[in-house]
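Structure file entry_26.txt with compact mmCIF, C-alpha atoms and all ligand atoms:
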# COMPACT_ATOMS: atom_id res chain seq x y z
CA MET G 89 -10.99 -30.51 -0.79
CA ILE G 90 -7.59 -29.04 -0.04
CA PRO G 91 -8.11 -25.27 0.21
CA ALA G 92 -5.65 -22.57 -0.85
CA ILE G 93 -3.29 -21.19 1.79
CA ARG G 94 -4.63 -18.29 3.91
CA GLY G 95 -3.80 -14.93 2.43
CA THR G 96 -3.32 -16.32 -1.11
CA HIS G 97 -5.79 -16.06 -3.98
CA ASP G 98 -6.73 -17.65 -7.26
CA ILE G 99 -7.41 -15.01 -9.90
CA LEU G 100 -10.37 -16.35 -11.82
CA PRO G 101 -12.15 -15.46 -15.07
CA GLY G 102 -14.19 -12.32 -14.45
CA GLN G 103 -11.33 -10.87 -12.36
CA VAL G 104 -8.36 -11.81 -14.50
CA GLU G 105 -9.48 -9.37 -17.22
CA ARG G 106 -9.04 -6.51 -14.74
CA TRP G 107 -5.56 -7.81 -13.88
CA GLN G 108 -4.58 -8.05 -17.52
CA TYR G 109 -5.82 -4.50 -18.05
CA VAL G 110 -3.70 -3.16 -15.16
CA GLU G 111 -0.67 -5.13 -16.36
CA ARG G 112 -1.12 -3.90 -19.95
CA ILE G 113 -1.25 -0.26 -18.88
CA ALA G 114 1.73 -0.76 -16.52
CA HIS G 115 3.89 -2.31 -19.27
CA SER G 116 2.95 0.34 -21.79
CA LEU G 117 3.54 3.29 -19.42
CA CYS G 118 6.89 1.91 -18.21
CA SER G 119 8.14 1.51 -21.74
CA ARG G 120 6.86 5.01 -22.68
CA TYR G 121 8.92 6.42 -19.78
CA GLY G 122 12.02 4.53 -20.93
CA TYR G 123 12.07 1.63 -18.46
CA VAL G 124 13.17 -1.86 -19.46
CA GLU G 125 11.83 -5.03 -17.87
CA VAL G 126 13.92 -7.29 -15.64
CA ARG G 127 12.72 -10.61 -14.21
CA THR G 128 14.45 -11.86 -11.08
CA PRO G 129 13.90 -15.15 -9.20
CA VAL G 130 11.21 -15.45 -6.54
CA ILE G 131 13.72 -17.05 -4.15
CA GLU G 132 16.88 -15.35 -2.91
CA ARG G 133 19.39 -15.81 -0.09
CA GLU G 134 17.87 -14.73 3.21
CA GLU G 135 20.77 -12.38 3.92
CA LEU G 136 19.91 -10.27 0.86
CA PHE G 137 16.75 -9.03 2.61
CA ALA G 138 18.29 -8.96 6.10
CA LYS G 139 20.89 -6.59 4.71
CA GLY G 140 18.83 -4.91 1.98
CA THR G 141 15.36 -4.44 3.45
CA GLY G 142 16.94 -3.98 6.89
CA GLU G 143 17.19 -5.84 10.19
CA THR G 144 14.97 -3.37 12.06
CA THR G 145 12.00 -3.61 9.67
CA ASP G 146 8.79 -5.52 10.42
CA ILE G 147 9.35 -7.38 7.16
CA VAL G 148 12.65 -8.92 8.26
CA GLN G 149 11.72 -9.32 11.92
CA LYS G 150 8.28 -10.88 11.53
CA GLU G 151 7.09 -11.40 7.98
CA MET G 152 9.54 -13.34 5.84
CA TYR G 153 8.87 -16.78 4.43
CA SER G 154 12.32 -18.23 5.08
CA PHE G 155 13.42 -21.84 5.12
CA GLU G 156 16.43 -24.05 4.80
CA ASP G 157 16.62 -25.86 1.47
CA LYS G 158 17.83 -29.41 1.03
CA GLY G 159 21.38 -28.15 0.61
CA GLY G 160 21.25 -26.40 3.97
CA GLU G 161 21.07 -22.89 2.49
CA ARG G 162 18.84 -20.21 4.10
CA ILE G 163 16.34 -19.18 1.40
CA THR G 164 13.63 -16.48 1.45
CA LEU G 165 10.59 -15.98 -0.76
CA ARG G 166 11.11 -12.35 -1.74
CA PRO G 167 9.01 -9.96 0.39
CA GLU G 168 9.79 -7.02 -1.94
CA ALA G 169 11.64 -6.54 -5.21
CA THR G 170 14.12 -3.74 -4.50
CA PRO G 171 16.96 -5.85 -2.99
CA SER G 172 16.61 -8.37 -5.85
CA MET G 173 16.76 -5.60 -8.44
CA VAL G 174 19.86 -4.14 -6.77
CA ARG G 175 21.44 -7.61 -6.60
CA ALA G 176 20.81 -8.17 -10.32
CA TYR G 177 22.20 -4.69 -11.14
CA VAL G 178 25.37 -5.40 -9.12
CA GLU G 179 25.79 -9.07 -10.11
CA HIS G 180 25.64 -8.29 -13.83
CA SER G 181 27.61 -5.02 -13.56
CA LEU G 182 24.74 -3.25 -15.28
CA GLU G 183 26.33 0.11 -14.46
CA HIS G 184 28.56 -0.41 -17.52
CA ALA G 185 25.87 -1.44 -20.00
CA LEU G 186 23.31 0.99 -18.59
CA PRO G 187 25.00 3.99 -16.93
CA ALA G 188 21.57 5.37 -16.05
CA ALA G 189 19.58 2.19 -15.54
CA LYS G 190 15.79 2.50 -15.56
CA LEU G 191 14.36 -0.91 -14.76
CA TYR G 192 10.99 -2.38 -13.89
CA SER G 193 9.64 -5.75 -12.85
CA MET G 194 6.29 -7.35 -12.08
CA GLY G 195 5.53 -10.42 -10.04
CA PRO G 196 4.50 -12.09 -6.78
CA MET G 197 5.88 -11.10 -3.34
CA PHE G 198 5.39 -12.89 -0.02
CA ARG G 199 4.90 -11.48 3.46
CA TYR G 200 3.53 -13.31 6.48
CA GLU G 201 1.10 -10.53 7.47
CA ARG G 202 -2.38 -10.70 8.98
CA PRO G 203 -4.63 -10.90 5.90
CA GLN G 204 -7.37 -8.29 5.42
CA LYS G 205 -8.82 -6.31 2.51
CA GLY G 206 -5.85 -5.15 0.41
CA ARG G 207 -3.31 -7.08 2.52
CA TYR G 208 -2.34 -10.62 1.56
CA ARG G 209 0.44 -13.14 2.12
CA GLN G 210 1.07 -13.60 -1.58
CA PHE G 211 0.53 -10.35 -3.44
CA HIS G 212 1.92 -8.80 -6.63
CA GLN G 213 3.92 -5.67 -7.27
CA LEU G 214 4.89 -3.53 -10.20
CA ASP G 215 8.38 -2.46 -9.12
CA VAL G 216 10.23 0.45 -10.74
CA GLU G 217 13.88 1.33 -10.00
CA VAL G 218 16.36 3.90 -11.33
CA PHE G 219 20.08 3.56 -10.62
CA GLY G 220 22.81 6.17 -10.99
CA LEU G 221 20.77 9.39 -11.29
CA GLN G 222 20.63 11.99 -8.52
CA ASP G 223 18.91 15.02 -9.99
CA PRO G 224 15.62 16.03 -8.34
CA ALA G 225 14.05 15.81 -11.83
CA VAL G 226 14.58 12.03 -11.61
CA ASP G 227 12.67 11.82 -8.32
CA ALA G 228 9.93 13.89 -9.92
CA GLU G 229 9.89 11.69 -13.05
CA VAL G 230 9.53 8.54 -10.94
CA ILE G 231 6.68 10.16 -9.00
CA ASP G 232 5.16 11.31 -12.31
CA LEU G 233 5.21 7.72 -13.61
CA ALA G 234 3.50 6.51 -10.41
CA TRP G 235 0.91 9.27 -10.62
CA SER G 236 0.32 8.72 -14.35
CA LEU G 237 -0.28 5.02 -13.72
CA VAL G 238 -3.01 5.75 -11.19
CA GLU G 239 -4.51 8.37 -13.54
CA ALA G 240 -4.39 6.12 -16.60
CA LEU G 241 -6.24 3.42 -14.66
CA GLY G 242 -8.97 5.94 -13.86
CA ILE G 243 -8.63 5.44 -10.08
CA PRO G 244 -10.58 8.31 -8.51
CA GLU G 245 -9.63 10.50 -5.54
CA ALA G 246 -6.02 9.38 -5.27
CA GLU G 247 -3.69 11.48 -3.16
CA LEU G 248 0.08 11.94 -3.46
CA VAL G 249 2.01 12.41 -0.23
CA ILE G 250 5.73 13.16 -0.10
CA ASN G 251 8.42 13.69 2.52
CA SER G 252 12.20 13.81 2.82
CA VAL G 253 13.97 11.68 5.42
CA GLY G 254 17.40 13.22 4.84
CA CYS G 255 20.75 11.50 4.38
CA ALA G 256 23.52 9.92 6.47
CA GLU G 257 24.74 13.43 7.30
CA CYS G 258 21.52 15.01 8.58
CA ARG G 259 19.52 11.98 9.74
CA PRO G 260 21.50 11.50 13.02
CA ARG G 261 20.63 15.09 14.05
CA PHE G 262 16.95 14.38 13.42
CA GLN G 263 17.07 11.11 15.34
CA GLU G 264 18.71 12.87 18.24
CA ALA G 265 16.00 15.56 18.23
CA LEU G 266 13.35 12.85 18.04
CA LEU G 267 14.67 11.02 21.10
CA LYS G 268 15.11 14.28 22.98
CA ALA G 269 11.52 15.31 22.21
CA LEU G 270 10.26 11.91 23.36
CA GLY G 271 12.04 12.35 26.68
CA ASP G 272 9.84 11.24 29.57
CA ASP G 273 7.09 10.08 27.21
CA LEU G 274 9.13 7.14 25.89
CA PRO G 275 8.06 4.69 28.64
CA LYS G 276 4.40 5.54 27.82
CA LEU G 277 4.75 4.23 24.25
CA CYS G 278 4.07 0.61 23.22
CA GLN G 279 6.70 -2.14 23.51
CA ASP G 280 7.40 -2.00 19.77
CA CYS G 281 8.15 1.73 19.97
CA GLN G 282 10.46 1.22 22.93
CA ARG G 283 12.40 -1.28 20.86
CA ARG G 284 12.32 1.06 17.83
CA ALA G 285 13.75 3.90 19.95
CA LYS G 286 16.83 1.74 20.45
CA THR G 287 17.20 0.21 16.97
CA ASN G 288 15.83 2.84 14.55
CA PRO G 289 13.93 5.77 16.12
CA LEU G 290 12.40 6.82 12.75
CA ARG G 291 10.34 3.60 12.84
CA ILE G 292 8.29 5.13 15.71
CA TYR G 293 6.40 7.05 13.02
CA ASP G 294 5.12 3.68 11.67
CA CYS G 295 3.31 2.96 14.96
CA LYS G 296 -0.43 2.33 14.58
CA VAL G 297 -1.26 1.91 18.31
CA PRO G 298 -4.02 4.50 19.03
CA ALA G 299 -2.78 5.38 22.53
CA ASP G 300 0.64 6.34 21.13
CA GLN G 301 -0.65 8.74 18.51
CA PRO G 302 -1.00 11.95 20.59
CA ILE G 303 2.66 11.60 21.65
CA ILE G 304 3.88 10.83 18.11
CA ASP G 305 1.90 13.74 16.64
CA LYS G 306 3.99 16.15 18.72
CA LEU G 307 7.37 14.80 17.60
CA PRO G 308 9.66 16.90 15.36
CA HIS G 309 9.56 16.66 11.55
CA SER G 310 12.45 15.35 9.43
CA VAL G 311 12.11 18.23 6.91
CA ASP G 312 13.13 20.70 9.66
CA TYR G 313 16.46 18.90 10.14
CA LEU G 314 17.61 18.46 6.52
CA CYS G 315 21.16 19.49 5.63
CA GLU G 316 21.48 22.14 2.94
CA SER G 317 21.91 19.77 0.00
CA CYS G 318 18.96 17.55 1.09
CA ALA G 319 16.78 20.65 1.57
CA THR G 320 17.71 22.00 -1.88
CA HIS G 321 17.06 18.59 -3.42
CA PHE G 322 13.61 18.34 -1.81
CA THR G 323 12.67 21.88 -2.92
CA GLY G 324 13.75 20.89 -6.43
CA VAL G 325 11.47 17.84 -6.45
CA GLN G 326 8.50 19.95 -5.31
CA GLY G 327 9.25 22.56 -7.99
CA HIS G 328 9.09 19.97 -10.78
CA LEU G 329 5.85 18.47 -9.45
CA ASP G 330 4.31 21.96 -9.33
CA GLN G 331 5.43 22.75 -12.87
CA TRP G 332 3.87 19.54 -14.16
CA GLY G 333 0.61 20.17 -12.30
CA ILE G 334 0.89 17.09 -10.07
CA PRO G 335 -0.88 17.80 -6.75
CA TRP G 336 1.00 16.77 -3.59
CA ARG G 337 1.09 17.38 0.13
CA ILE G 338 3.79 16.74 2.69
CA SER G 339 3.18 13.96 5.22
CA HIS G 340 5.66 14.32 8.07
CA ARG G 341 5.01 10.75 9.14
CA LEU G 342 5.97 9.26 5.81
CA VAL G 343 9.23 7.58 6.88
CA ARG G 344 8.23 4.29 5.14
CA GLY G 345 8.62 0.84 6.61
CA LEU G 346 11.95 -0.10 5.02
CA ASP G 347 15.42 0.83 6.24
CA TYR G 348 17.11 1.95 3.03
CA TYR G 349 15.41 5.26 2.30
CA THR G 350 17.27 8.55 1.99
CA ARG G 351 15.87 11.94 0.96
CA THR G 352 12.60 11.70 -1.02
CA THR G 353 9.87 9.30 0.12
CA PHE G 354 6.37 9.18 -1.36
CA GLU G 355 3.11 7.25 -1.46
CA VAL G 356 -0.08 7.45 -3.49
CA LEU G 357 -3.09 6.78 -1.27
CA GLY G 358 -6.46 5.54 -2.48
CA ARG G 359 -9.74 6.52 -0.82
CA THR G 360 -11.71 3.33 -1.47
CA LEU G 361 -9.33 0.84 0.06
CA GLY G 362 -10.05 1.10 3.79
CA ALA G 363 -7.17 0.65 6.24
CA GLN G 364 -4.69 -0.59 3.62
CA ASN G 365 -4.87 2.62 1.64
CA ALA G 366 -1.41 2.81 0.03
CA LEU G 367 -1.76 2.04 -3.68
CA LEU G 368 1.99 2.42 -4.05
CA GLY G 369 5.02 3.68 -2.20
CA GLY G 370 8.68 4.35 -2.73
CA GLY G 371 11.58 6.70 -2.41
CA ARG G 372 15.27 7.31 -2.83
CA TYR G 373 17.87 4.87 -1.45
CA ASP G 374 21.27 6.34 -2.23
CA GLY G 375 23.40 3.99 -0.09
CA LEU G 376 21.79 0.63 -0.87
CA VAL G 377 23.68 -0.35 -4.04
CA LYS G 378 27.04 0.19 -2.31
CA SER G 379 25.96 -1.57 0.87
CA LEU G 380 25.02 -4.64 -1.20
CA GLY G 381 28.52 -4.80 -2.64
CA GLY G 382 28.01 -2.67 -5.74
CA PRO G 383 29.48 0.59 -7.01
CA ASP G 384 28.57 3.86 -5.30
CA ARG G 385 25.40 4.49 -7.32
CA THR G 386 22.24 6.23 -6.18
CA GLY G 387 18.82 4.62 -6.43
CA ILE G 388 15.18 5.61 -6.43
CA GLY G 389 12.00 3.70 -7.15
CA PHE G 390 8.57 2.64 -6.05
CA ALA G 391 6.34 -0.41 -5.96
CA ALA G 392 2.61 -0.53 -6.59
CA GLY G 393 0.44 -3.32 -5.18
CA LEU G 394 -1.40 -4.84 -8.14
CA GLU G 395 -4.19 -6.23 -5.90
CA ARG G 396 -4.83 -2.71 -4.62
CA LEU G 397 -4.82 -1.20 -8.11
CA VAL G 398 -7.31 -3.87 -9.24
CA LEU G 399 -9.49 -3.23 -6.15
CA ALA G 400 -9.51 0.52 -6.79
CA LEU G 401 -10.15 0.19 -10.53
CA PRO G 402 -13.53 1.66 -11.52
CA GLU G 403 -16.32 -0.80 -12.34
CA GLY G 404 -16.31 -1.88 -15.98
CA ARG G 405 -12.60 -1.14 -16.62
CA GLY G 406 -10.84 -4.09 -18.19
CA ALA G 407 -14.13 -5.68 -19.19
CA GLU G 408 -13.72 -4.70 -22.84
CA ALA G 409 -13.18 -8.06 -24.55
CA PRO G 410 -12.38 -8.09 -28.29
CA PRO G 411 -15.41 -8.73 -30.51
CA VAL G 412 -16.13 -12.41 -30.96
CA VAL G 413 -17.39 -14.08 -34.12
CA PHE G 414 -19.52 -17.18 -33.64
CA VAL G 415 -19.43 -19.93 -36.23
CA ALA G 416 -22.62 -22.02 -36.49
CA ALA G 417 -22.75 -25.29 -38.45
CA VAL G 418 -25.62 -26.90 -40.32
CA GLY G 419 -25.27 -30.70 -40.78
CA ASP G 420 -22.12 -32.80 -40.96
CA ASP G 421 -20.70 -31.20 -44.13
CA GLY G 422 -21.31 -27.79 -42.60
CA ARG G 423 -19.48 -28.85 -39.47
CA VAL G 424 -16.31 -29.86 -41.32
CA GLU G 425 -16.28 -26.57 -43.23
CA ALA G 426 -17.24 -24.56 -40.13
CA LEU G 427 -14.27 -25.97 -38.17
CA LYS G 428 -12.01 -24.98 -41.05
CA LEU G 429 -13.45 -21.46 -41.14
CA LEU G 430 -13.11 -21.18 -37.34
CA ARG G 431 -9.38 -21.79 -37.63
CA GLU G 432 -9.01 -19.39 -40.57
CA LEU G 433 -10.73 -16.63 -38.58
CA ARG G 434 -8.39 -17.10 -35.64
CA ARG G 435 -5.33 -17.12 -37.87
CA ALA G 436 -6.59 -13.86 -39.39
CA GLY G 437 -6.50 -12.30 -35.90
CA ILE G 438 -10.22 -12.55 -35.11
CA SER G 439 -11.53 -14.06 -31.85
CA ALA G 440 -13.84 -16.87 -32.91
CA ALA G 441 -15.92 -19.48 -31.08
CA MET G 442 -17.96 -22.52 -32.03
CA GLU G 443 -20.01 -25.22 -30.32
CA PHE G 444 -18.06 -28.48 -30.17
CA GLU G 445 -21.04 -30.77 -29.93
CA ALA G 446 -23.61 -30.88 -32.76
CA ARG G 447 -26.55 -28.71 -31.66
CA SER G 448 -29.70 -27.30 -33.25
CA MET G 449 -29.37 -23.93 -35.00
CA LYS G 450 -31.53 -22.39 -32.25
CA ALA G 451 -29.19 -23.66 -29.53
CA GLN G 452 -26.14 -22.42 -31.44
CA MET G 453 -27.58 -18.94 -31.92
CA LYS G 454 -28.50 -18.81 -28.22
CA ARG G 455 -24.89 -19.49 -27.41
CA ALA G 456 -23.78 -16.75 -29.82
CA ASP G 457 -26.08 -14.36 -27.91
CA ARG G 458 -24.66 -15.43 -24.57
CA LEU G 459 -21.12 -14.82 -25.86
CA LYS G 460 -22.28 -11.34 -27.00
CA ALA G 461 -20.91 -12.24 -30.44
CA ARG G 462 -20.60 -9.28 -32.81
CA ALA G 463 -21.28 -11.51 -35.81
CA ALA G 464 -22.17 -15.09 -36.64
CA VAL G 465 -21.23 -17.08 -39.70
CA ILE G 466 -23.66 -19.90 -40.57
CA VAL G 467 -22.02 -22.66 -42.60
CA GLY G 468 -23.82 -25.51 -44.39
CA GLY G 469 -26.83 -26.56 -46.42
CA ASP G 470 -27.64 -25.33 -49.95
CA GLU G 471 -25.62 -22.19 -49.50
CA LEU G 472 -22.42 -24.10 -48.91
CA ALA G 473 -23.14 -26.13 -52.02
CA ARG G 474 -23.31 -22.78 -53.89
CA GLY G 475 -19.95 -21.73 -52.40
CA GLU G 476 -21.52 -19.31 -49.92
CA VAL G 477 -21.99 -18.84 -46.16
CA THR G 478 -24.42 -16.62 -44.23
CA LEU G 479 -22.98 -13.64 -42.38
CA ARG G 480 -25.22 -12.35 -39.58
CA ASP G 481 -24.75 -8.97 -37.96
CA MET G 482 -25.82 -9.84 -34.40
CA ARG G 483 -26.25 -6.22 -33.37
CA ALA G 484 -28.46 -5.17 -36.31
CA GLY G 485 -30.16 -8.57 -36.53
CA GLU G 486 -29.60 -8.65 -40.32
CA GLN G 487 -28.00 -11.33 -42.42
CA ARG G 488 -26.82 -11.88 -45.98
CA ALA G 489 -25.04 -14.48 -48.08
CA VAL G 490 -21.34 -13.91 -48.77
CA SER G 491 -18.98 -15.99 -50.84
CA ARG G 492 -17.06 -18.64 -48.88
CA SER G 493 -13.77 -17.68 -50.51
CA ASN G 494 -14.20 -14.08 -49.38
CA ALA G 495 -15.75 -14.90 -46.00
CA ILE G 496 -12.81 -13.80 -43.83
CA GLN G 497 -12.64 -10.41 -45.54
CA SER G 498 -16.42 -9.92 -45.18
CA VAL G 499 -16.27 -10.79 -41.46
CA LYS G 500 -13.34 -8.39 -40.96
CA THR G 501 -15.17 -5.53 -42.65
CA LEU G 502 -18.23 -6.07 -40.45
CA VAL G 503 -16.33 -6.53 -37.16
CA GLU G 504 -13.82 -3.76 -37.64
CA GLY G 505 -16.16 -1.32 -39.38
P1 LIG L 1 6.16 -1.23 0.30
O1 LIG L 1 5.56 0.05 0.77
O2 LIG L 1 6.51 -2.24 1.32
O3 LIG L 1 7.44 -0.83 -0.55
O4 LIG L 1 5.20 -1.91 -0.75
C1 LIG L 1 4.77 -1.21 -1.89
C2 LIG L 1 3.31 -1.50 -2.17
O5 LIG L 1 3.08 -2.90 -2.24
C3 LIG L 1 2.35 -1.01 -1.08
O6 LIG L 1 2.04 0.35 -1.26
C4 LIG L 1 1.14 -1.89 -1.36
O7 LIG L 1 0.37 -1.36 -2.45
C5 LIG L 1 1.76 -3.20 -1.79
N1 LIG L 1 1.82 -4.15 -0.67
C6 LIG L 1 2.75 -4.24 0.30
N2 LIG L 1 2.46 -5.26 1.14
C7 LIG L 1 1.31 -5.82 0.70
C8 LIG L 1 0.50 -6.93 1.13
N3 LIG L 1 0.82 -7.66 2.19
N4 LIG L 1 -0.62 -7.22 0.41
C9 LIG L 1 -0.94 -6.49 -0.68
N5 LIG L 1 -0.22 -5.45 -1.13
C10 LIG L 1 0.90 -5.12 -0.47
C11 LIG L 1 8.26 -1.72 -1.18
O8 LIG L 1 7.99 -2.88 -1.33
C12 LIG L 1 9.50 -1.09 -1.78
N6 LIG L 1 10.31 -2.16 -2.37
C13 LIG L 1 9.12 -0.04 -2.79
C14 LIG L 1 10.30 0.62 -3.42
C15 LIG L 1 10.83 0.33 -4.63
N7 LIG L 1 11.03 1.57 -2.89
C16 LIG L 1 12.00 1.89 -3.72
N8 LIG L 1 11.89 1.13 -4.78

So that I can check it, write out the structure of this file as structure tokens.
Amino acid sequence: MIPAIRGTHDILPGQVERWQYVERIAHSLCSRYGYVEVRTPVIEREELFAKGTGETTDIVQKEMYSFEDKGGERITLRPEATPSMVRAYVEHSLEHALPAAKLYSMGPMFRYERPQKGRYRQFHQLDVEVFGLQDPAVDAEVIDLAWSLVEALGIPEAELVINSVGCAECRPRFQEALLKALGDDLPKLCQDCQRRAKTNPLRIYDCKVPADQPIIDKLPHSVDYLCESCATHFTGVQGHLDQWGIPWRISHRLVRGLDYYTRTTFEVLGRTLGAQNALLGGGRYDGLVKSLGGPDRTGIGFAAGLERLVLALPEGRGAEAPPVVFVAAVGDDGRVEALKLLRELRRAGISAAMEFEARSMKAQMKRADRLKARAAVIVGGDELARGEVTLRDMRAGEQRAVSRSNAIQSVKTLVEG
């Protein structure tokens, strides 16, 4: 046996129904909020993520699946969707066709992380991005979509946390204050933090090393260093969330693990997930489109981990299969007619099943029970000679003869009634 690669998963019957349920709700909500789907390749040039996701991130430094292809090109399996979405927006000049572009995408991502519950090496994201809109109402609408998704899935006890990390104007002042506050404590922090202090001091907030936490807890907060326009913007976002009755709290440590964020950042946390508790995360990235060679357009978005949504989904959700009709055959003539009826049912939009091998009536009805069939149609014998079939209501345990020519209509009335 050649096993699957560590950190990757087959999604099997019994689980796949929950996935399809999450995907259905995601597609339907995105389209209700005015987002259109985009599908980008799973492979991109390595430099797209080095530049887009950012050189100082864990993703680029430690987690990318990168390789040289046979043509000598450096290729990366996408670790996140945002740089690909920006590339597609820029490459196809979508700012002309869609001045305010609201796009979404769904698919697999790859990160070489240490696998644990909720953290995998191949995982899937719903990714949502808006280009070219700056108003705080847009930030709030994106957060509303994220929150509505979690609500529509019935995920209990979710929590929305928000923060603002400022812009190119006010961020340097915050970073300076951060380094000043660290002062003599810097050498006491872990090696990673020492490196972060040099490359991107905000990253220190990502540190999970327990010994570092008391020092980090005392560091200044980005919201206290916002310039006037960032502060006004952040107040605006909060005002909309309040008006719409979406509960939130500020998390000062929410700087997010990617380099491109400006202003609003947010996450929705789940209570049942253990250490990997972020169901989704995102924020504004106003300089990214330009830095990837595009026009000066703002951006904001989020990505939800589909594995985590499926894990947090209440028991029983997604299990609702459409009613099945079982077709049972009596004798060889019955079998020919039953196969014909089976196909007619399916073409009429009804899920239908039948035993392929000839079996006794008892065995066939047992199978209908196991399939939890809503109805069974028994085809064959004298009835068929009279132009009739037997329609059995499996729930009520009652049956009656119906005409063969009207069988589909009779089944429909029973199943849909
Ligand atoms: P992220 O926080 O890196 O952001 O990932 C978003 C979500 O993807 C996480 O909250 C989590 O649910 C899921 N996720 C991340 N890594 C893993 C993993 N190894 N296994 C399972 N699930 C995982 C981004 O990716 C940004 N591109 C989001 C964004 C879009 N920001 C603006 N637009």

- Task: Could the residues that lie within 9 Å of ligand LIG 1 (chain L), counting all atoms listed in the file, be listed as a VMD selection string?
- Result: chain G and resid 95 141 147 167 to 171 197 to 218 344 to 346 348 to 349 353 355 to 357 364 to 373 387 to 397

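Counting all atoms listed in the file and comparing G:Arg106, G:Lys150, G:Arg283, G:His309, the residue that lies closest to Glu264 (chain G) is G:His309.
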
- Message: Nearest residue to Leu274 (chain G) out of G:Glu425, G:Glu132, G:Asp300, G:Asp330, using all atoms listed in the file?
- Response: G:Asp300

- Long-range neighbours of Leu459 (chain G) as a list in words, 12 Å cut-off, all atoms listed in the file, 6 positions minimum in chain: Ala409, Pro410, Pro411, Val412, Val413, Phe414, Val415, Ser439, Ala440, Ala441, Met442, Glu443, Gln452, Met453 and Met482 of chain G

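Minimum distance to Lys306 (chain G) across G:Tyr109, G:Ala92, G:Ala269, G:Gly142 (counting all atoms listed in the file) occurs at G:Ala269.
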
- Item | Long-range neighbours of Ile334 (chain G) as a ChimeraX atom specification, 8 Å cut-off, only C-alpha atoms, 5 positions minimum in chain | /G:232,235,329

Next, dump the selected residues to file, keeping only C-alpha atoms, as a PDB file, keeping the file's coordinate frame.
ATOM      1  CA  ASP G 232       5.160  11.310 -12.310  1.00  0.00           C
ATOM      2  CA  TRP G 235       0.910   9.270 -10.620  1.00  0.00           C
ATOM      3  CA  LEU G 329       5.850  18.470  -9.450  1.00  0.00           C
TER       4      LEU G 329
END

- So, counting all atoms listed in the file, which residue among G:Leu241, G:Ala417, G:Ala461, G:Met173 is closest to Ile113 (chain G)? G:Leu241

- Message: Considering all atoms listed in the file, can you say which of G:Leu380, G:Leu266, G:Ala114, G:Lys286 comes closest to Glu135 (chain G)?
- Response: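 Checking each of G:Leu380, G:Leu266, G:Ala114, G:Lys286 against Glu135 (chain G), counting all atoms listed in the file, the winner is G:Leu380.
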
- Task: For a cut-off of 12 Å around (2.6, 12.1, 6.4), file coordinates, pick out all residues using only C-alpha atoms and list them as a ChimeraX atom specification.
- Result: /G:247-253,293-294,304-305,309-311,336-344,353-357,366

- Message: For region 471-476 of chain G, find every residue with an atom within 10 Å (counting all atoms listed in the file), except residues of its own chain fewer than 4 positions away, and show them as a PyMOL selection string.
- Response: chain G and resi 418+421-422+425+466-467+488-495

- Task: Tell me which of G:Ala426, G:Ala416, G:Leu479, G:Leu237 sits closest to Met449 (chain G), counting only C-alpha atoms.
- Result: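 Under the stated criterion, the closest residue is G:Ala416.
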
10 Å contact set for Leu186 (chain G), all atoms listed in the file, chain neighbours under 3 positions out, as a PDB file with C-alpha atoms, in the coordinates of the input:
ATOM      1  CA  TYR G 177      22.200  -4.690 -11.140  1.00  0.00           C
ATOM      2  CA  SER G 181      27.610  -5.020 -13.560  1.00  0.00           C
ATOM      3  CA  LEU G 182      24.740  -3.250 -15.280  1.00  0.00           C
ATOM      4  CA  GLU G 183      26.330   0.110 -14.460  1.00  0.00           C
ATOM      5  CA  ALA G 189      19.580   2.190 -15.540  1.00  0.00           C
ATOM      6  CA  LYS G 190      15.790   2.500 -15.560  1.00  0.00           C
ATOM      7  CA  LEU G 191      14.360  -0.910 -14.760  1.00  0.00           C
ATOM      8  CA  PHE G 219      20.080   3.560 -10.620  1.00  0.00           C
ATOM      9  CA  GLY G 220      22.810   6.170 -10.990  1.00  0.00           C
TER      10      GLY G 220
END
